[in-house]
Amino acid sequence: MELLVDLHTHTIASGHAYSTITENALAASRRGLKLLGMADHGPSMPGAPHLFHFDNLSILPDELSGVKILPGVEANITNHEGELDMPLRYLAYLRLILVGLHPICYPGGTCEQNTQAYIKAMENPYTDMMVHPGRPDFEMDLEKIAHASALLNIPVEVNNSSLSTIKEKGRARENCRSIARYMAKYKGPVILGSDAHFWDRVGEFSEAVELVREVGISQHQILNTSPERVLGYLDFRRKHRIEFNLESLKHRLSIA
């Protein structure tokens with residue numbers, strides 16, 4: 001399996017990551033990647049960049065070290081309704097929107113509440129992909145999430161960091177295996193992400209690859225085997241947002 005895209009990486013702008021976008025791009029080039037996502041944390045994460053950071057992403061070059069750059073965000077779910085910590089006007093023009101749960105940004109709840117929050121965020125027309133559902137911080141119904149992913153055609157991540165970080169091993173590995181098995185069952189789209197917070201982990205998918213092979217996720221389900229597939233999917237999401245906004249406008253006009 002050739003993986004040419006890593007969409008889930010962080011730079012020093014996230015506050016708890018330690019490399020620049022230039023260093024990450026060079027590492028991606030050395031690993032043979034063709035497309036790199038820059039997804040620094042949304043503003044509710046301590047140490048995360050100010051909204052001005054996201055407002056200024058357009059100054060970045062389209063390519064660094066021969067690798068195409070996709071600037072975006074890893075937005076945080078903030079409540080049981082699946083709301084995100086990024087204002088709509090920023091979501092509207094970011095090129096990549098990853099969404100996940102983090103303990104400092106989300107209050108927690110029952111398994112049902114956490115699952116609802118995750119799926120409602122997945123239903124958001126501005127969400128591109130959902131990340132690290134296997135982390136053990138919040139109990140969730142992973143089968144429901146995999147089923148929703150297939151119905152909504154929203155990719156869910158197999159997160160290499162959740163499988164390889166010592167502090168998360170154990171329950172995280174069990175959760176990742178469970179969600180991966182359900183993704184294989186329902187055949188929803190999948191991404192493999194490094195969740196790199198330092199340049200030497202960019203493009204590191206080894207444990208995620210081992211897991212998807214183990215559970216039988218087909219290569220056809222995995223988007224980041226091809227930059228063309230990823231960019232085609234993201235173009236589709238942009239068109240979906242335009243259609244959603246037009247329908248919302250028509251509805252508002254009809255009740256005015």
# chains A, B, ... in the order shown; residues from 1 in each chain; ligands from 1
$ select_by_dssp --residues "stretch 2-239 of chain A" --states "alpha helix (DSSP H)" --output "PyMOL selection string"
chain A and resi 21-30+51-55+88-91+111-123+142-152+160-164+171-186+206-215+227-239
$ residues_around --residues "A:Val212" --least-positions-apart "5" --cutoff "9 Å" --atoms "only C-alpha atoms" --output "number ranges by chain"
A: 158, 177, 180-181, 184, 207, 217-219
$ residues_around --residues "A:Ile191" --least-positions-apart "6" --cutoff "7 Å" --atoms "only C-alpha atoms" --output "list in words"
Pro155, Val156, Glu157, Val158, Ile222, Leu223 and Asn224 of chain A
$ write_last_selection --atoms "all heavy atoms" --output "compact mmCIF listing (two decimals), in the first residue's frame"
# COMPACT_ATOMS: atom_id res chain seq x y z
N PRO A 155 -14.95 10.60 5.80
CA PRO A 155 -13.87 9.72 6.24
C PRO A 155 -13.62 9.81 7.74
O PRO A 155 -13.71 10.89 8.34
CB PRO A 155 -12.65 10.24 5.45
CG PRO A 155 -13.22 11.00 4.30
CD PRO A 155 -14.51 11.58 4.79
N VAL A 156 -13.30 8.67 8.32
CA VAL A 156 -12.89 8.58 9.72
C VAL A 156 -11.45 8.08 9.75
O VAL A 156 -11.06 7.21 8.97
CB VAL A 156 -13.82 7.65 10.51
CG1 VAL A 156 -13.26 7.37 11.89
CG2 VAL A 156 -15.21 8.26 10.62
N GLU A 157 -10.68 8.63 10.64
CA GLU A 157 -9.25 8.38 10.67
C GLU A 157 -8.86 7.15 11.50
O GLU A 157 -9.41 6.91 12.57
CB GLU A 157 -8.55 9.60 11.27
CG GLU A 157 -7.04 9.48 11.38
CD GLU A 157 -6.43 10.63 12.16
OE1 GLU A 157 -6.89 10.90 13.29
OE2 GLU A 157 -5.48 11.24 11.66
N VAL A 158 -7.90 6.40 10.99
CA VAL A 158 -7.11 5.48 11.80
C VAL A 158 -5.84 6.24 12.14
O VAL A 158 -5.02 6.54 11.27
CB VAL A 158 -6.80 4.17 11.05
CG1 VAL A 158 -5.93 3.27 11.93
CG2 VAL A 158 -8.09 3.45 10.67
N ILE A 222 -9.40 3.65 1.43
CA ILE A 222 -8.42 4.56 2.01
C ILE A 222 -8.10 5.69 1.04
O ILE A 222 -7.54 5.48 -0.03
CB ILE A 222 -7.14 3.79 2.39
CG1 ILE A 222 -7.49 2.70 3.42
CG2 ILE A 222 -6.09 4.74 2.97
CD1 ILE A 222 -6.36 1.75 3.71
N LEU A 223 -8.47 6.91 1.42
CA LEU A 223 -8.33 8.05 0.53
C LEU A 223 -6.89 8.45 0.27
O LEU A 223 -6.55 8.88 -0.83
CB LEU A 223 -9.09 9.26 1.09
CG LEU A 223 -10.60 9.31 0.96
CD1 LEU A 223 -11.10 10.67 1.42
CD2 LEU A 223 -11.05 9.06 -0.48
N ASN A 224 -6.04 8.36 1.30
CA ASN A 224 -4.73 8.96 1.13
C ASN A 224 -3.71 8.07 0.42
O ASN A 224 -2.50 8.26 0.54
CB ASN A 224 -4.16 9.53 2.43
CG ASN A 224 -4.21 8.59 3.61
OD1 ASN A 224 -5.20 7.93 3.86
ND2 ASN A 224 -3.12 8.57 4.35
$ residues_around --residues "A:Tyr18" --least-positions-apart "5" --cutoff "9 Å" --atoms "only C-alpha atoms" --output "VMD selection string"
chain A and resid 10 to 13 197 to 199
$ write_last_selection --atoms "all heavy atoms" --output "compact mmCIF listing (two decimals), in the first residue's frame"
# COMPACT_ATOMS: atom_id res chain seq x y z
N HIS A 10 0.81 18.79 12.58
CA HIS A 10 0.78 20.04 13.34
C HIS A 10 2.12 20.75 13.25
O HIS A 10 3.17 20.12 13.08
CB HIS A 10 0.45 19.75 14.80
CG HIS A 10 -0.90 19.15 15.01
ND1 HIS A 10 -2.03 19.91 15.16
CD2 HIS A 10 -1.30 17.85 15.04
CE1 HIS A 10 -3.09 19.11 15.31
NE2 HIS A 10 -2.66 17.85 15.23
N THR A 11 2.07 22.07 13.39
CA THR A 11 3.29 22.88 13.43
C THR A 11 3.41 23.54 14.80
O THR A 11 2.54 23.39 15.66
CB THR A 11 3.26 23.97 12.34
OG1 THR A 11 2.35 25.01 12.74
CG2 THR A 11 2.84 23.42 11.00
N ILE A 12 4.47 24.31 14.97
CA ILE A 12 4.68 25.01 16.23
C ILE A 12 3.50 25.93 16.58
O ILE A 12 3.32 26.29 17.75
CB ILE A 12 5.98 25.83 16.22
CG1 ILE A 12 6.03 26.79 15.03
CG2 ILE A 12 7.19 24.91 16.21
CD1 ILE A 12 7.20 27.74 15.03
N ALA A 13 2.69 26.28 15.60
CA ALA A 13 1.54 27.14 15.87
C ALA A 13 0.54 26.49 16.82
O ALA A 13 -0.21 27.18 17.51
CB ALA A 13 0.83 27.52 14.57
N HIS A 197 3.37 15.67 15.58
CA HIS A 197 3.65 16.91 16.30
C HIS A 197 5.14 17.25 16.27
O HIS A 197 5.59 18.19 16.92
CB HIS A 197 3.16 16.81 17.75
CG HIS A 197 1.68 16.90 17.91
ND1 HIS A 197 0.80 15.97 17.37
CD2 HIS A 197 0.89 17.82 18.52
CE1 HIS A 197 -0.44 16.31 17.67
NE2 HIS A 197 -0.41 17.43 18.36
N PHE A 198 5.89 16.46 15.50
CA PHE A 198 7.31 16.73 15.25
C PHE A 198 7.63 16.18 13.87
O PHE A 198 7.04 15.18 13.43
CB PHE A 198 8.18 16.07 16.33
CG PHE A 198 9.63 16.46 16.26
CD1 PHE A 198 10.01 17.79 16.41
CD2 PHE A 198 10.62 15.52 16.04
CE1 PHE A 198 11.35 18.17 16.35
CE2 PHE A 198 11.96 15.88 15.99
CZ PHE A 198 12.32 17.22 16.14
N TRP A 199 8.57 16.80 13.18
CA TRP A 199 8.78 16.49 11.77
C TRP A 199 9.12 15.03 11.50
O TRP A 199 8.76 14.50 10.44
CB TRP A 199 9.87 17.39 11.18
CG TRP A 199 11.26 17.18 11.74
CD1 TRP A 199 11.85 17.91 12.72
CD2 TRP A 199 12.21 16.17 11.36
NE1 TRP A 199 13.12 17.42 12.99
CE2 TRP A 199 13.37 16.36 12.16
CE3 TRP A 199 12.21 15.14 10.43
CZ2 TRP A 199 14.49 15.56 12.05
CZ3 TRP A 199 13.33 14.32 10.31
CH2 TRP A 199 14.45 14.53 11.12
$ residues_around --residues "A:Lys185" --least-positions-apart "4" --cutoff "10 Å" --atoms "only C-alpha atoms" --output "NGL selection string"
:A and (143 or 146-147 or 150 or 179-181 or 215-217)
$ write_last_selection --atoms "C-alpha atoms" --output "mmCIF file, in the first residue's frame"
data_model
loop_
_atom_site.group_PDB
_atom_site.id
_atom_site.type_symbol
_atom_site.label_atom_id
_atom_site.label_comp_id
_atom_site.auth_asym_id
_atom_site.auth_seq_id
_atom_site.Cartn_x
_atom_site.Cartn_y
_atom_site.Cartn_z
ATOM 1 C CA GLU A 143 -20.225 0.990 15.461
ATOM 2 C CA ALA A 146 -18.636 3.786 11.475
ATOM 3 C CA HIS A 147 -22.183 3.374 10.181
ATOM 4 C CA ALA A 150 -20.578 5.214 5.514
ATOM 5 C CA ILE A 179 -13.564 1.240 14.905
ATOM 6 C CA ALA A 180 -11.373 -0.206 12.145
ATOM 7 C CA ARG A 181 -13.370 -3.450 12.155
ATOM 8 C CA VAL A 215 -9.121 -6.051 10.028
ATOM 9 C CA GLY A 216 -9.591 -6.190 6.260
ATOM 10 C CA ILE A 217 -10.155 -2.560 5.310
#
$ select_by_dssp --residues "stretch 85-235 of chain A" --states "strand (DSSP E or B)" --output "PyMOL selection string"
chain A and resi 96-100+129-130+156-159+190-193+196+222
$ residues_around --residues "A:Val73" --least-positions-apart "3" --cutoff "9 Å" --atoms "only C-alpha atoms" --output "VMD selection string"
chain A and resid 37 to 42 54 86 91 94 to 99
$ write_last_selection --atoms "C-alpha atoms" --output "PDB file, in the first residue's frame"
ATOM      1  CA  GLY A  37      -2.177  18.796   5.435  1.00  0.00           C
ATOM      2  CA  MET A  38      -1.342  21.531   7.939  1.00  0.00           C
ATOM      3  CA  ALA A  39      -4.045  21.154  10.592  1.00  0.00           C
ATOM      4  CA  ASP A  40      -3.159  23.162  13.664  1.00  0.00           C
ATOM      5  CA  HIS A  41      -5.568  23.064  16.583  1.00  0.00           C
ATOM      6  CA  GLY A  42      -8.640  25.263  16.814  1.00  0.00           C
ATOM      7  CA  PHE A  54      -6.152  30.988  10.169  1.00  0.00           C
ATOM      8  CA  MET A  86     -14.126  27.819  14.581  1.00  0.00           C
ATOM      9  CA  LEU A  91     -14.582  27.426   8.014  1.00  0.00           C
ATOM     10  CA  LEU A  94     -10.206  26.842   4.888  1.00  0.00           C
ATOM     11  CA  ARG A  95      -9.020  24.139   2.517  1.00  0.00           C
ATOM     12  CA  LEU A  96      -8.983  21.290   5.048  1.00  0.00           C
ATOM     13  CA  ILE A  97     -11.205  20.867   8.108  1.00  0.00           C
ATOM     14  CA  LEU A  98     -10.457  17.968  10.430  1.00  0.00           C
ATOM     15  CA  VAL A  99     -12.695  17.561  13.477  1.00  0.00           C
TER      16      VAL A  99
END
$ residues_around --residues "A:Leu64" --least-positions-apart "6" --cutoff "9 Å" --atoms "only C-alpha atoms" --output "PDB file with C-alpha atoms, in the first residue's frame"
ATOM      1  CA  ILE A  21       5.638  23.879   8.165  1.00  0.00           C
ATOM      2  CA  THR A  22       8.924  24.111   6.242  1.00  0.00           C
ATOM      3  CA  ALA A  25       7.242  19.649   4.245  1.00  0.00           C
ATOM      4  CA  LEU A  26      10.903  18.643   3.935  1.00  0.00           C
ATOM      5  CA  SER A  29       9.295  15.092   0.687  1.00  0.00           C
TER       6      SER A  29
END
$ closest_residue --among "A:Ser149, A:Asn175, A:Ser58, A:Gln113" --to "A:Tyr93" --atoms "only C-alpha atoms"
A:Ser58
$ atom_distance --atom1 "atom CA of A:Leu36" --atom2 "atom CA of A:Ile69"
5.1 Å
$ closest_residue --among "A:Thr20, A:Ser14, A:Thr78, A:Thr127" --to "A:His50" --atoms "only C-alpha atoms"
A:Ser14
$ atom_distance --atom1 "atom CA of A:Glu243" --atom2 "atom CA of A:Glu123"
14.5 Å
